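entry_8.cif follows; it contains mmCIF, C-alpha atoms and all ligand atoms.
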data_query
#
loop_
_atom_site.group_PDB
_atom_site.id
_atom_site.type_symbol
_atom_site.label_atom_id
_atom_site.label_comp_id
_atom_site.auth_asym_id
_atom_site.auth_seq_id
_atom_site.Cartn_x
_atom_site.Cartn_y
_atom_site.Cartn_z
ATOM 1 C CA MET A 1 9.566 34.473 11.005
ATOM 2 C CA THR A 2 12.545 36.866 11.104
ATOM 3 C CA SER A 3 12.660 39.764 8.653
ATOM 4 C CA SER A 4 15.655 38.230 6.875
ATOM 5 C CA GLU A 5 13.705 34.946 6.404
ATOM 6 C CA LYS A 6 10.698 36.885 5.159
ATOM 7 C CA ASP A 7 12.777 38.806 2.640
ATOM 8 C CA SER A 8 14.759 35.855 1.333
ATOM 9 C CA PRO A 9 13.573 34.551 -2.065
ATOM 10 C CA PRO A 10 12.033 31.052 -2.357
ATOM 11 C CA SER A 11 14.658 28.323 -2.701
ATOM 12 C CA THR A 12 15.875 27.874 -6.271
ATOM 13 C CA ASP A 13 17.275 24.445 -5.411
ATOM 14 C CA PRO A 14 14.852 22.079 -7.197
ATOM 15 C CA GLN A 15 15.746 19.326 -4.713
ATOM 16 C CA ALA A 16 14.767 21.429 -1.698
ATOM 17 C CA ASN A 17 11.026 21.048 -2.224
ATOM 18 C CA ALA A 18 11.000 17.942 -4.383
ATOM 19 C CA ALA A 19 8.815 15.224 -2.939
ATOM 20 C CA ARG A 20 10.159 11.711 -3.301
ATOM 21 C CA CYS A 21 8.141 8.491 -3.521
ATOM 22 C CA PHE A 22 8.700 5.797 -0.898
ATOM 23 C CA ALA A 23 6.961 2.424 -0.678
ATOM 24 C CA LEU A 24 5.781 0.715 2.502
ATOM 25 C CA VAL A 25 4.664 -2.917 2.345
ATOM 26 C CA PRO A 26 2.470 -4.222 5.183
ATOM 27 C CA CYS A 27 3.612 -7.826 5.606
ATOM 28 C CA ALA A 28 2.628 -8.616 9.201
ATOM 29 C CA GLY A 29 -0.599 -10.555 8.704
ATOM 30 C CA SER A 30 -1.191 -14.211 9.528
ATOM 31 C CA GLY A 31 -3.187 -15.058 6.395
ATOM 32 C CA SER A 32 -5.969 -16.758 8.342
ATOM 33 C CA ARG A 33 -8.267 -17.110 5.311
ATOM 34 C CA ALA A 34 -5.565 -18.678 3.155
ATOM 35 C CA GLY A 35 -5.394 -21.937 5.115
ATOM 36 C CA THR A 36 -1.593 -22.108 4.836
ATOM 37 C CA VAL A 37 0.735 -23.320 7.586
ATOM 38 C CA LYS A 38 2.977 -20.259 7.514
ATOM 39 C CA PRO A 39 1.758 -16.697 6.887
ATOM 40 C CA LYS A 40 0.586 -16.600 3.251
ATOM 41 C CA GLN A 41 3.073 -13.897 2.198
ATOM 42 C CA TYR A 42 5.887 -16.422 2.713
ATOM 43 C CA GLU A 43 4.294 -19.257 0.696
ATOM 44 C CA LEU A 44 6.217 -20.215 -2.435
ATOM 45 C CA ILE A 45 4.562 -19.111 -5.666
ATOM 46 C CA ALA A 46 6.265 -19.733 -9.023
ATOM 47 C CA GLY A 47 9.588 -20.470 -7.340
ATOM 48 C CA GLN A 48 9.814 -17.735 -4.713
ATOM 49 C CA SER A 49 7.916 -16.446 -1.733
ATOM 50 C CA MET A 50 4.894 -14.271 -2.468
ATOM 51 C CA VAL A 51 6.386 -11.147 -0.907
ATOM 52 C CA MET A 52 9.510 -11.432 -3.070
ATOM 53 C CA HIS A 53 7.368 -11.131 -6.228
ATOM 54 C CA THR A 54 5.715 -8.081 -4.679
ATOM 55 C CA LEU A 55 9.066 -6.494 -3.835
ATOM 56 C CA ALA A 56 10.500 -7.263 -7.291
ATOM 57 C CA ALA A 57 7.657 -5.293 -8.900
ATOM 58 C CA LEU A 58 8.173 -2.321 -6.566
ATOM 59 C CA GLN A 59 11.938 -2.380 -7.071
ATOM 60 C CA SER A 60 11.504 -2.262 -10.850
ATOM 61 C CA VAL A 61 9.991 1.222 -10.509
ATOM 62 C CA THR A 62 12.968 3.570 -10.758
ATOM 63 C CA ARG A 63 10.983 6.519 -9.369
ATOM 64 C CA LEU A 64 10.561 4.737 -6.028
ATOM 65 C CA TYR A 65 13.324 6.108 -3.819
ATOM 66 C CA LYS A 66 13.176 3.285 -1.290
ATOM 67 C CA THR A 67 10.931 0.405 -0.216
ATOM 68 C CA VAL A 68 10.493 -0.862 3.352
ATOM 69 C CA VAL A 69 8.571 -3.850 4.667
ATOM 70 C CA VAL A 70 6.623 -3.945 7.940
ATOM 71 C CA VAL A 71 6.783 -7.398 9.527
ATOM 72 C CA SER A 72 5.468 -8.799 12.783
ATOM 73 C CA PRO A 73 7.629 -8.421 15.935
ATOM 74 C CA THR A 74 7.539 -12.240 16.137
ATOM 75 C CA ASP A 75 8.401 -12.797 12.455
ATOM 76 C CA SER A 76 10.963 -15.594 12.117
ATOM 77 C CA HIS A 77 11.099 -15.776 8.329
ATOM 78 C CA ALA A 78 14.625 -16.093 6.931
ATOM 79 C CA TRP A 79 14.995 -13.109 4.600
ATOM 80 C CA PRO A 80 17.760 -13.016 1.969
ATOM 81 C CA GLU A 81 20.821 -11.123 3.228
ATOM 82 C CA SER A 82 20.653 -8.215 0.776
ATOM 83 C CA SER A 83 16.905 -7.771 0.987
ATOM 84 C CA VAL A 84 15.033 -4.527 1.699
ATOM 85 C CA GLN A 85 14.850 -2.774 5.079
ATOM 86 C CA ARG A 86 12.448 -4.481 7.470
ATOM 87 C CA LEU A 87 10.647 -2.763 10.320
ATOM 88 C CA GLN A 88 9.582 -5.265 12.990
ATOM 89 C CA CYS A 89 6.685 -3.183 14.221
ATOM 90 C CA GLY A 90 3.620 -4.846 12.705
ATOM 91 C CA GLY A 91 0.407 -4.447 14.689
ATOM 92 C CA ALA A 92 -2.827 -6.316 15.349
ATOM 93 C CA THR A 93 -4.504 -4.938 12.229
ATOM 94 C CA ARG A 94 -3.296 -3.898 8.785
ATOM 95 C CA ALA A 95 -3.982 -0.245 9.637
ATOM 96 C CA GLU A 96 -1.940 -0.528 12.821
ATOM 97 C CA SER A 97 0.958 -2.110 10.901
ATOM 98 C CA VAL A 98 0.909 0.743 8.386
ATOM 99 C CA PHE A 99 0.630 3.363 11.139
ATOM 100 C CA ASN A 100 3.527 1.858 13.135
ATOM 101 C CA GLY A 101 5.703 1.566 10.031
ATOM 102 C CA LEU A 102 4.960 5.108 8.904
ATOM 103 C CA SER A 103 5.603 6.457 12.417
ATOM 104 C CA ALA A 104 9.018 4.751 12.431
ATOM 105 C CA LEU A 105 9.884 6.093 8.970
ATOM 106 C CA LEU A 106 8.916 9.661 9.831
ATOM 107 C CA ALA A 107 10.845 9.487 13.127
ATOM 108 C CA GLU A 108 13.902 8.279 11.190
ATOM 109 C CA GLY A 109 13.386 11.026 8.590
ATOM 110 C CA ALA A 110 13.317 13.691 11.291
ATOM 111 C CA HIS A 111 17.035 13.006 11.868
ATOM 112 C CA ASP A 112 18.115 11.913 8.407
ATOM 113 C CA PRO A 113 17.475 13.946 5.234
ATOM 114 C CA GLU A 114 17.636 10.683 3.243
ATOM 115 C CA GLY A 115 14.673 9.383 5.249
ATOM 116 C CA VAL A 116 10.953 9.977 4.734
ATOM 117 C CA GLN A 117 9.897 13.604 5.142
ATOM 118 C CA ALA A 118 6.304 14.661 5.829
ATOM 119 C CA HIS A 119 5.853 16.074 2.301
ATOM 120 C CA ASP A 120 7.196 12.930 0.598
ATOM 121 C CA TRP A 121 4.751 10.507 -0.993
ATOM 122 C CA ILE A 122 4.264 7.093 0.525
ATOM 123 C CA LEU A 123 2.874 4.245 -1.586
ATOM 124 C CA VAL A 124 1.375 1.573 0.656
ATOM 125 C CA HIS A 125 1.159 -1.784 -1.078
ATOM 126 C CA ASP A 126 -0.040 -5.144 0.299
ATOM 127 C CA ALA A 127 2.565 -7.916 0.422
ATOM 128 C CA ALA A 128 -0.323 -10.167 -0.637
ATOM 129 C CA ARG A 129 -0.822 -8.360 -3.987
ATOM 130 C CA CYS A 130 2.081 -10.090 -5.689
ATOM 131 C CA LEU A 131 0.742 -9.561 -9.220
ATOM 132 C CA ILE A 132 1.187 -5.801 -9.253
ATOM 133 C CA THR A 133 3.208 -4.585 -12.246
ATOM 134 C CA GLU A 134 5.646 -1.747 -12.895
ATOM 135 C CA LEU A 135 3.159 -0.340 -15.437
ATOM 136 C CA GLU A 136 0.336 -0.061 -12.880
ATOM 137 C CA ILE A 137 2.552 1.452 -10.178
ATOM 138 C CA ASN A 138 3.777 4.053 -12.663
ATOM 139 C CA ARG A 139 0.175 4.785 -13.728
ATOM 140 C CA LEU A 140 -0.730 5.544 -10.112
ATOM 141 C CA ILE A 141 2.331 7.749 -9.598
ATOM 142 C CA ASP A 142 1.652 9.660 -12.848
ATOM 143 C CA ALA A 143 -1.968 10.246 -11.822
ATOM 144 C CA CYS A 144 -1.158 11.389 -8.263
ATOM 145 C CA LEU A 145 2.110 13.333 -8.390
ATOM 146 C CA ASP A 146 0.353 16.618 -9.223
ATOM 147 C CA ASP A 147 -2.754 15.883 -7.172
ATOM 148 C CA ASP A 148 -3.528 17.702 -3.919
ATOM 149 C CA VAL A 149 -4.654 14.526 -2.137
ATOM 150 C CA GLY A 150 -3.275 11.414 -3.849
ATOM 151 C CA GLY A 151 -5.168 8.267 -4.665
ATOM 152 C CA LEU A 152 -5.350 4.544 -5.172
ATOM 153 C CA LEU A 153 -5.565 1.852 -7.804
ATOM 154 C CA ALA A 154 -9.107 0.523 -8.008
ATOM 155 C CA LEU A 155 -11.463 -1.277 -10.385
ATOM 156 C CA PRO A 156 -14.969 -0.204 -11.404
ATOM 157 C CA LEU A 157 -17.259 -2.990 -10.198
ATOM 158 C CA PRO A 158 -17.809 -5.343 -13.157
ATOM 159 C CA ASP A 159 -20.660 -7.454 -11.759
ATOM 160 C CA THR A 160 -24.171 -6.818 -10.507
ATOM 161 C CA LEU A 161 -24.046 -6.093 -6.792
ATOM 162 C CA LYS A 162 -26.404 -7.919 -4.403
ATOM 163 C CA ALA A 163 -27.146 -7.326 -0.742
ATOM 164 C CA ALA A 164 -27.920 -10.487 1.210
ATOM 165 C CA VAL A 165 -29.794 -11.543 4.320
ATOM 166 C CA ASN A 166 -29.343 -15.128 5.515
ATOM 167 C CA GLY A 167 -27.819 -16.213 2.195
ATOM 168 C CA ARG A 168 -30.676 -14.815 0.090
ATOM 169 C CA VAL A 169 -30.782 -11.654 -1.990
ATOM 170 C CA SER A 170 -32.422 -8.780 -0.173
ATOM 171 C CA ALA A 171 -31.687 -6.105 -2.771
ATOM 172 C CA THR A 172 -29.849 -5.322 -6.003
ATOM 173 C CA LEU A 173 -27.695 -2.271 -5.453
ATOM 174 C CA PRO A 174 -26.660 0.311 -8.034
ATOM 175 C CA ARG A 175 -23.125 -0.451 -9.183
ATOM 176 C CA GLN A 176 -22.441 2.613 -11.360
ATOM 177 C CA ASP A 177 -20.594 4.442 -8.587
ATOM 178 C CA LYS A 178 -18.916 1.405 -6.966
ATOM 179 C CA TRP A 179 -15.228 0.570 -7.178
ATOM 180 C CA LEU A 180 -13.093 -2.211 -5.706
ATOM 181 C CA ALA A 181 -10.138 -0.695 -3.855
ATOM 182 C CA GLN A 182 -6.689 -2.135 -4.519
ATOM 183 C CA THR A 183 -3.171 -1.056 -3.630
ATOM 184 C CA PRO A 184 -0.800 0.727 -4.017
ATOM 185 C CA GLN A 185 -2.427 3.717 -2.345
ATOM 186 C CA MET A 186 -0.393 6.916 -2.588
ATOM 187 C CA PHE A 187 -0.629 9.833 -0.174
ATOM 188 C CA ARG A 188 1.643 12.455 1.417
ATOM 189 C CA ALA A 189 3.413 10.711 4.285
ATOM 190 C CA GLY A 190 2.633 13.396 6.883
ATOM 191 C CA VAL A 191 -1.036 13.720 5.919
ATOM 192 C CA LEU A 192 -1.595 9.948 5.892
ATOM 193 C CA HIS A 193 0.167 9.626 9.239
ATOM 194 C CA ALA A 194 -2.097 12.269 10.791
ATOM 195 C CA ALA A 195 -5.190 10.648 9.249
ATOM 196 C CA LEU A 196 -4.243 7.259 10.724
ATOM 197 C CA LYS A 197 -3.257 8.761 14.080
ATOM 198 C CA ALA A 198 -6.736 10.270 14.378
ATOM 199 C CA GLN A 199 -8.163 6.721 14.235
ATOM 200 C CA ALA A 200 -5.709 5.078 16.650
ATOM 201 C CA ALA A 201 -7.834 5.700 19.761
ATOM 202 C CA ASP A 202 -10.700 3.810 18.041
ATOM 203 C CA HIS A 203 -8.301 0.941 17.237
ATOM 204 C CA PHE A 204 -8.571 1.860 13.524
ATOM 205 C CA GLU A 205 -12.178 0.614 13.475
ATOM 206 C CA GLY A 206 -13.411 0.536 9.853
ATOM 207 C CA ILE A 207 -10.017 1.526 8.448
ATOM 208 C CA THR A 208 -9.391 -1.252 5.947
ATOM 209 C CA ASP A 209 -7.152 0.775 3.644
ATOM 210 C CA GLU A 210 -5.271 4.084 3.620
ATOM 211 C CA ALA A 211 -7.993 5.796 1.561
ATOM 212 C CA SER A 212 -10.593 5.113 4.270
ATOM 213 C CA ALA A 213 -8.421 6.923 6.826
ATOM 214 C CA MET A 214 -7.988 9.825 4.398
ATOM 215 C CA GLU A 215 -11.757 9.898 3.796
ATOM 216 C CA MET A 216 -12.395 10.060 7.567
ATOM 217 C CA ALA A 217 -10.041 13.056 7.602
ATOM 218 C CA GLY A 218 -12.192 14.783 4.971
ATOM 219 C CA PHE A 219 -10.221 14.060 1.787
ATOM 220 C CA ALA A 220 -11.505 12.547 -1.467
ATOM 221 C CA PRO A 221 -8.774 10.238 -2.826
ATOM 222 C CA LYS A 222 -8.451 9.916 -6.601
ATOM 223 C CA LEU A 223 -9.491 6.605 -8.193
ATOM 224 C CA VAL A 224 -7.017 5.324 -10.771
ATOM 225 C CA VAL A 225 -7.993 2.283 -12.855
ATOM 226 C CA GLY A 226 -5.969 -0.786 -11.879
ATOM 227 C CA SER A 227 -6.018 -4.319 -13.280
ATOM 228 C CA PRO A 228 -8.096 -7.383 -12.343
ATOM 229 C CA HIS A 229 -4.786 -9.264 -12.151
ATOM 230 C CA ASN A 230 -3.803 -7.151 -9.143
ATOM 231 C CA PHE A 231 -6.019 -9.189 -6.819
ATOM 232 C CA LYS A 232 -5.107 -9.856 -3.190
ATOM 233 C CA VAL A 233 -4.153 -13.496 -2.627
ATOM 234 C CA THR A 234 -6.658 -14.285 0.118
ATOM 235 C CA TYR A 235 -8.297 -17.740 -0.226
ATOM 236 C CA PRO A 236 -6.756 -21.162 -1.045
ATOM 237 C CA PRO A 237 -7.677 -21.149 -4.794
ATOM 238 C CA ASP A 238 -5.983 -17.748 -5.263
ATOM 239 C CA PHE A 239 -2.525 -19.344 -4.988
ATOM 240 C CA ALA A 240 -2.938 -21.474 -8.137
ATOM 241 C CA LEU A 241 -4.259 -18.492 -10.090
ATOM 242 C CA ALA A 242 -1.331 -16.328 -8.937
ATOM 243 C CA GLU A 243 1.102 -19.119 -9.859
ATOM 244 C CA ASP A 244 -0.378 -19.417 -13.380
ATOM 245 C CA LEU A 245 -0.298 -15.682 -13.999
ATOM 246 C CA LEU A 246 3.229 -15.186 -12.639
ATOM 247 C CA GLY A 247 4.424 -18.257 -14.536
ATOM 248 C CA SER A 248 2.937 -16.956 -17.796
ATOM 249 C CA ARG A 249 4.903 -13.687 -17.478
ATOM 250 C CA LYS A 250 8.278 -15.397 -17.544
HETATM 251 N N1 LIG B 301 -1.231 -7.108 7.274
HETATM 252 C C1 LIG B 301 -0.351 -6.529 8.182
HETATM 253 N N2 LIG B 301 -0.633 -6.533 9.524
HETATM 254 C C2 LIG B 301 -1.775 -7.103 9.975
HETATM 255 C C3 LIG B 301 -2.695 -7.678 9.059
HETATM 256 C C4 LIG B 301 -2.403 -7.656 7.709
HETATM 257 O O1 LIG B 301 0.689 -6.033 7.779
HETATM 258 N N3 LIG B 301 -2.011 -7.121 11.279
HETATM 259 C C5 LIG B 301 -0.876 -7.157 5.842
HETATM 260 C C6 LIG B 301 -0.867 -8.573 5.281
HETATM 261 O O2 LIG B 301 0.393 -9.210 5.532
HETATM 262 C C7 LIG B 301 -1.154 -8.347 3.808
HETATM 263 C C8 LIG B 301 -1.951 -7.040 3.794
HETATM 264 O O3 LIG B 301 -1.846 -6.474 5.083
HETATM 265 O O4 LIG B 301 0.010 -8.163 3.041
HETATM 266 C C9 LIG B 301 -3.393 -7.292 3.394
HETATM 267 O O5 LIG B 301 -4.048 -8.026 4.426
HETATM 268 P P1 LIG B 301 -4.802 -9.403 4.231
HETATM 269 O O6 LIG B 301 -4.811 -9.836 2.822
HETATM 270 O O7 LIG B 301 -6.096 -9.314 4.966
HETATM 271 O O8 LIG B 301 -3.789 -10.416 4.981
HETATM 272 P P2 LIG B 301 -3.990 -11.157 6.365
HETATM 273 O O9 LIG B 301 -4.589 -10.226 7.350
HETATM 274 O O10 LIG B 301 -2.685 -11.775 6.678
HETATM 275 O O11 LIG B 301 -5.031 -12.304 5.967
HETATM 276 P P3 LIG B 301 -6.396 -12.684 6.729
HETATM 277 O O12 LIG B 301 -7.210 -11.422 6.787
HETATM 278 O O13 LIG B 301 -6.998 -13.756 5.878
HETATM 279 O O14 LIG B 301 -5.988 -13.181 8.095
HETATM 280 MG MG MG B 302 -6.543 -9.394 7.061
#

Is it possible to express this structure as structure tokens?
Amino acid sequence: MTSSEKDSPPSTDPQANAARCFALVPCAGSGSRAGTVKPKQYELIAGQSMVMHTLAALQSVTRLYKTVVVVSPTDSHAWPESSVQRLQCGGATRAESVFNGLSALLAEGAHDPEGVQAHDWILVHDAARCLITELEINRLIDACLDDDVGGLLALPLPDTLKAAVNGRVSATLPRQDKWLAQTPQMFRAGVLHAALKAQAADHFEGITDEASAMEMAGFAPKLVVGSPHNFKVTYPPDFALAEDLLGSRK
């Protein structure tokens, strides 16, 4: 640090240090459990593809500066002309897709002040959670903006939790401290990137969400109560439920 830098007062420009919120949507899965012909995120639900419902919810949040979607390098889906930015760098696992997408965004941001900077927030949200609402996204942002770590939407476990061996109960586990993790998950872009990078050599083993990477890096993400409607469309019956719920909102 030069003496002139040391003596200069902190920037009074409120924009200089203001962290913005970006959204990154992993959309590069094959949907193997869904039993659909094409990847589940492109199945039509209530008149439009699943991922379009997801993007509509994110785009209704005015505090989100920009949303990008990570798709597979072999993705051949016909996206609408004016749709969001797509990064064709999806990986073999969800964690790898998020890591590749975040790496690309930060590399872009290194040259472009409009792009993602390390101190900006990144909200990672599954393409397959098409029932997310503006209200829930805003609740997460409100809860995390002043937090040192960030956090995730999650639900306290409503049911009794059983462990099983060969299809039979081996134990009843305490549920008081158990939560079901959802998305969005909101962390500082640079910190999340470093946390994921640290797991890359192990092929992201055990990293099933962003919070798990942050936990491995020694952080304790904040749990913010989500909604049971924000389930991840995973199995065949989930499509009809999503269709009913989306249809009932219109
Ligand atoms: N995803 C991704 N890249 C992968 C795997 C998953 O971007 N290699 C995305 C999916 O497109 C989805 C989200 O991560 O939006 C959550 O993953 P999941 O529901 O497990 O989707 P799939 O992996 O596609 O489904 P399955 O596990 O049944 O194959
Ligand atoms: Mg999967």

Taking all atoms of ligand LIG 301 (chain B) that the file lists, what box with edges along x, y and z, padded by 5 Å per side, do you get, with centre and edge lengths in Å to one decimal, as lines of an AutoDock Vina configuration file?
center_x = -3.3
center_y = -9.9
center_z = 7.1
size_x = 17.9
size_y = 17.7
size_z = 18.5

At a cut-off of 12 Å around the point (-0.1, 8.1, -13.3) (file coordinates), what residues fall inside when counting all atoms listed in the file? I'd like the answer as a CSV table (one decimal) with C-alpha atoms, keeping the file's coordinate frame.
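New file selection-v5.csv:
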chain,number,residue,atom,x,y,z
A,63,ARG,CA,11.0,6.5,-9.4
A,134,GLU,CA,5.6,-1.7,-12.9
A,135,LEU,CA,3.2,-0.3,-15.4
A,136,GLU,CA,0.3,-0.1,-12.9
A,137,ILE,CA,2.6,1.5,-10.2
A,138,ASN,CA,3.8,4.1,-12.7
A,139,ARG,CA,0.2,4.8,-13.7
A,140,LEU,CA,-0.7,5.5,-10.1
A,141,ILE,CA,2.3,7.7,-9.6
A,142,ASP,CA,1.7,9.7,-12.8
A,143,ALA,CA,-2.0,10.2,-11.8
A,144,CYS,CA,-1.2,11.4,-8.3
A,145,LEU,CA,2.1,13.3,-8.4
A,146,ASP,CA,0.4,16.6,-9.2
A,147,ASP,CA,-2.8,15.9,-7.2
A,150,GLY,CA,-3.3,11.4,-3.8
A,151,GLY,CA,-5.2,8.3,-4.7
A,152,LEU,CA,-5.4,4.5,-5.2
A,153,LEU,CA,-5.6,1.9,-7.8
A,184,PRO,CA,-0.8,0.7,-4.0
A,186,MET,CA,-0.4,6.9,-2.6
A,222,LYS,CA,-8.5,9.9,-6.6
A,223,LEU,CA,-9.5,6.6,-8.2
A,224,VAL,CA,-7.0,5.3,-10.8
A,225,VAL,CA,-8.0,2.3,-12.9
A,226,GLY,CA,-6.0,-0.8,-11.9

Residues at most 9 Å from ligand MG 302 (chain B), using all atoms listed in the file? Could they come as a PyMOL selection string? chain A and resi 29-33+93-94+208+234

Using all atoms listed in the file, find each residue in chain A having at least one atom no more than 9 Å away from ligand LIG 301 (chain B); report its shortest atom-to-atom pair and that distance in Å (one decimal), rows by chain then rising number, as JSON lines.
{"residue": "A:Val25", "atom": "CA", "partner": "B:LIG301", "partner_atom": "O4", "distance": 7.0}
{"residue": "A:Pro26", "atom": "CA", "partner": "B:LIG301", "partner_atom": "O1", "distance": 3.6}
{"residue": "A:Cys27", "atom": "CA", "partner": "B:LIG301", "partner_atom": "O2", "distance": 3.5}
{"residue": "A:Ala28", "atom": "CA", "partner": "B:LIG301", "partner_atom": "O1", "distance": 3.5}
{"residue": "A:Gly29", "atom": "CA", "partner": "B:LIG301", "partner_atom": "O10", "distance": 3.2}
{"residue": "A:Ser30", "atom": "CA", "partner": "B:LIG301", "partner_atom": "O10", "distance": 4.0}
{"residue": "A:Gly31", "atom": "CA", "partner": "B:LIG301", "partner_atom": "O10", "distance": 3.3}
{"residue": "A:Ser32", "atom": "CA", "partner": "B:LIG301", "partner_atom": "O14", "distance": 3.6}
{"residue": "A:Arg33", "atom": "CA", "partner": "B:LIG301", "partner_atom": "O13", "distance": 3.6}
{"residue": "A:Ala34", "atom": "CA", "partner": "B:LIG301", "partner_atom": "O13", "distance": 5.8}
{"residue": "A:Gly35", "atom": "CA", "partner": "B:LIG301", "partner_atom": "O13", "distance": 8.4}
{"residue": "A:Pro39", "atom": "CA", "partner": "B:LIG301", "partner_atom": "O10", "distance": 6.6}
{"residue": "A:Lys40", "atom": "CA", "partner": "B:LIG301", "partner_atom": "O10", "distance": 6.8}
{"residue": "A:Gln41", "atom": "CA", "partner": "B:LIG301", "partner_atom": "O2", "distance": 6.3}
{"residue": "A:Val51", "atom": "CA", "partner": "B:LIG301", "partner_atom": "O4", "distance": 8.1}
{"residue": "A:Val69", "atom": "CA", "partner": "B:LIG301", "partner_atom": "O1", "distance": 8.8}
{"residue": "A:Val70", "atom": "CA", "partner": "B:LIG301", "partner_atom": "O1", "distance": 6.3}
{"residue": "A:Val71", "atom": "CA", "partner": "B:LIG301", "partner_atom": "O1", "distance": 6.5}
{"residue": "A:Ser72", "atom": "CA", "partner": "B:LIG301", "partner_atom": "N2", "distance": 7.3}
{"residue": "A:Gly90", "atom": "CA", "partner": "B:LIG301", "partner_atom": "N2", "distance": 5.6}
{"residue": "A:Gly91", "atom": "CA", "partner": "B:LIG301", "partner_atom": "N3", "distance": 5.0}
{"residue": "A:Ala92", "atom": "CA", "partner": "B:LIG301", "partner_atom": "N3", "distance": 4.2}
{"residue": "A:Thr93", "atom": "CA", "partner": "B:LIG301", "partner_atom": "N3", "distance": 3.4}
{"residue": "A:Arg94", "atom": "CA", "partner": "B:LIG301", "partner_atom": "C2", "distance": 3.7}
{"residue": "A:Ala95", "atom": "CA", "partner": "B:LIG301", "partner_atom": "N2", "distance": 7.1}
{"residue": "A:Glu96", "atom": "CA", "partner": "B:LIG301", "partner_atom": "N3", "distance": 6.8}
{"residue": "A:Ser97", "atom": "CA", "partner": "B:LIG301", "partner_atom": "N2", "distance": 4.9}
{"residue": "A:Val98", "atom": "CA", "partner": "B:LIG301", "partner_atom": "O1", "distance": 6.8}
{"residue": "A:His125", "atom": "CA", "partner": "B:LIG301", "partner_atom": "O4", "distance": 7.7}
{"residue": "A:Asp126", "atom": "CA", "partner": "B:LIG301", "partner_atom": "O4", "distance": 4.1}
{"residue": "A:Ala127", "atom": "CA", "partner": "B:LIG301", "partner_atom": "O4", "distance": 3.7}
{"residue": "A:Ala128", "atom": "CA", "partner": "B:LIG301", "partner_atom": "O4", "distance": 4.2}
{"residue": "A:Arg129", "atom": "CA", "partner": "B:LIG301", "partner_atom": "O4", "distance": 7.1}
{"residue": "A:Thr208", "atom": "CA", "partner": "B:LIG301", "partner_atom": "O5", "distance": 8.8}
{"residue": "A:Asp209", "atom": "CA", "partner": "B:LIG301", "partner_atom": "C9", "distance": 8.9}
{"residue": "A:Lys232", "atom": "CA", "partner": "B:LIG301", "partner_atom": "O6", "distance": 6.0}
{"residue": "A:Val233", "atom": "CA", "partner": "B:LIG301", "partner_atom": "O6", "distance": 6.6}
{"residue": "A:Thr234", "atom": "CA", "partner": "B:LIG301", "partner_atom": "O6", "distance": 5.5}
{"residue": "A:Tyr235", "atom": "CA", "partner": "B:LIG301", "partner_atom": "O13", "distance": 7.4}

Just give me the gap between atom CA of A:Arg20 and atom CA of A:Ser212 in Å, one decimal is fine. 23.1 Å

Could you tell me how far atom CA of A:Gln185 sits from atom CA of A:Cys130, in Å to one decimal place?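 Straight-line distance from atom CA of A:Cys130 to atom CA of A:Gln185 works out to 14.9 Å.
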
Which is closer to A:Thr133 than all the others in A:Phe22, A:Phe231, A:Phe239, A:Tyr42, using only C-alpha atoms?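 Going through A:Phe22, A:Phe231, A:Phe239, A:Tyr42 one by one, the smallest distance to A:Thr133 is for A:Phe231.
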
What would the list of residues within 10 Å of (3.0, 7.7, 13.9) (file frame) look like as a PyMOL selection string, if only C-alpha atoms are what count? chain A and resi 96+98-107+190+192-197+200

Kindly give the distance, in Å, that separates atom CA of A:Gly167 and atom CA of A:Asn230, rounded to a single decimal.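 Between atom CA of A:Gly167 and atom CA of A:Asn230 the gap is 28.1 Å.
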
Find, counting all atoms listed in the file, the residue in A:Leu161, A:Gln176, A:Ile132, A:Leu24 that gets nearest to A:His229.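 Nearest to A:His229: A:Ile132.
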
Selection in question (the file shown): the PyMOL selection byres (((chain A and resi 86) around 9) and not hetatm). Which residues does it include, as a PDB file with C-alpha atoms, in the frame of the given file?
ATOM      1  CA  VAL A  68      10.493  -0.862   3.352  1.00  0.00           C
ATOM      2  CA  VAL A  69       8.571  -3.850   4.667  1.00  0.00           C
ATOM      3  CA  VAL A  70       6.623  -3.945   7.940  1.00  0.00           C
ATOM      4  CA  VAL A  71       6.783  -7.398   9.527  1.00  0.00           C
ATOM      5  CA  SER A  83      16.905  -7.771   0.987  1.00  0.00           C
ATOM      6  CA  VAL A  84      15.033  -4.527   1.699  1.00  0.00           C
ATOM      7  CA  GLN A  85      14.850  -2.774   5.079  1.00  0.00           C
ATOM      8  CA  LEU A  87      10.647  -2.763  10.320  1.00  0.00           C
ATOM      9  CA  GLN A  88       9.582  -5.265  12.990  1.00  0.00           C
ATOM     10  CA  CYS A  89       6.685  -3.183  14.221  1.00  0.00           C
TER      11      CYS A  89
END

Taking the file as shown, find all residues satisfying the PyMOL selection byres (((chain A and resi 242) around 8) and not hetatm) and write them as an MDAnalysis selection string. chainID A and resid 45 130:131 233 238:241 243:246

Let me know the residues the PyMOL selection byres (((chain A and resi 158) around 12) and not hetatm) catches in the file above, as number ranges by chain. A: 154-157, 159-161, 174-180, 227-228

Using all atoms listed in the file, which of the listed residues (A:Glu210, A:Glu108, A:Trp79, A:Ala163) sits closest to A:Gln48?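 Closest to A:Gln48, using all atoms listed in the file: A:Trp79.
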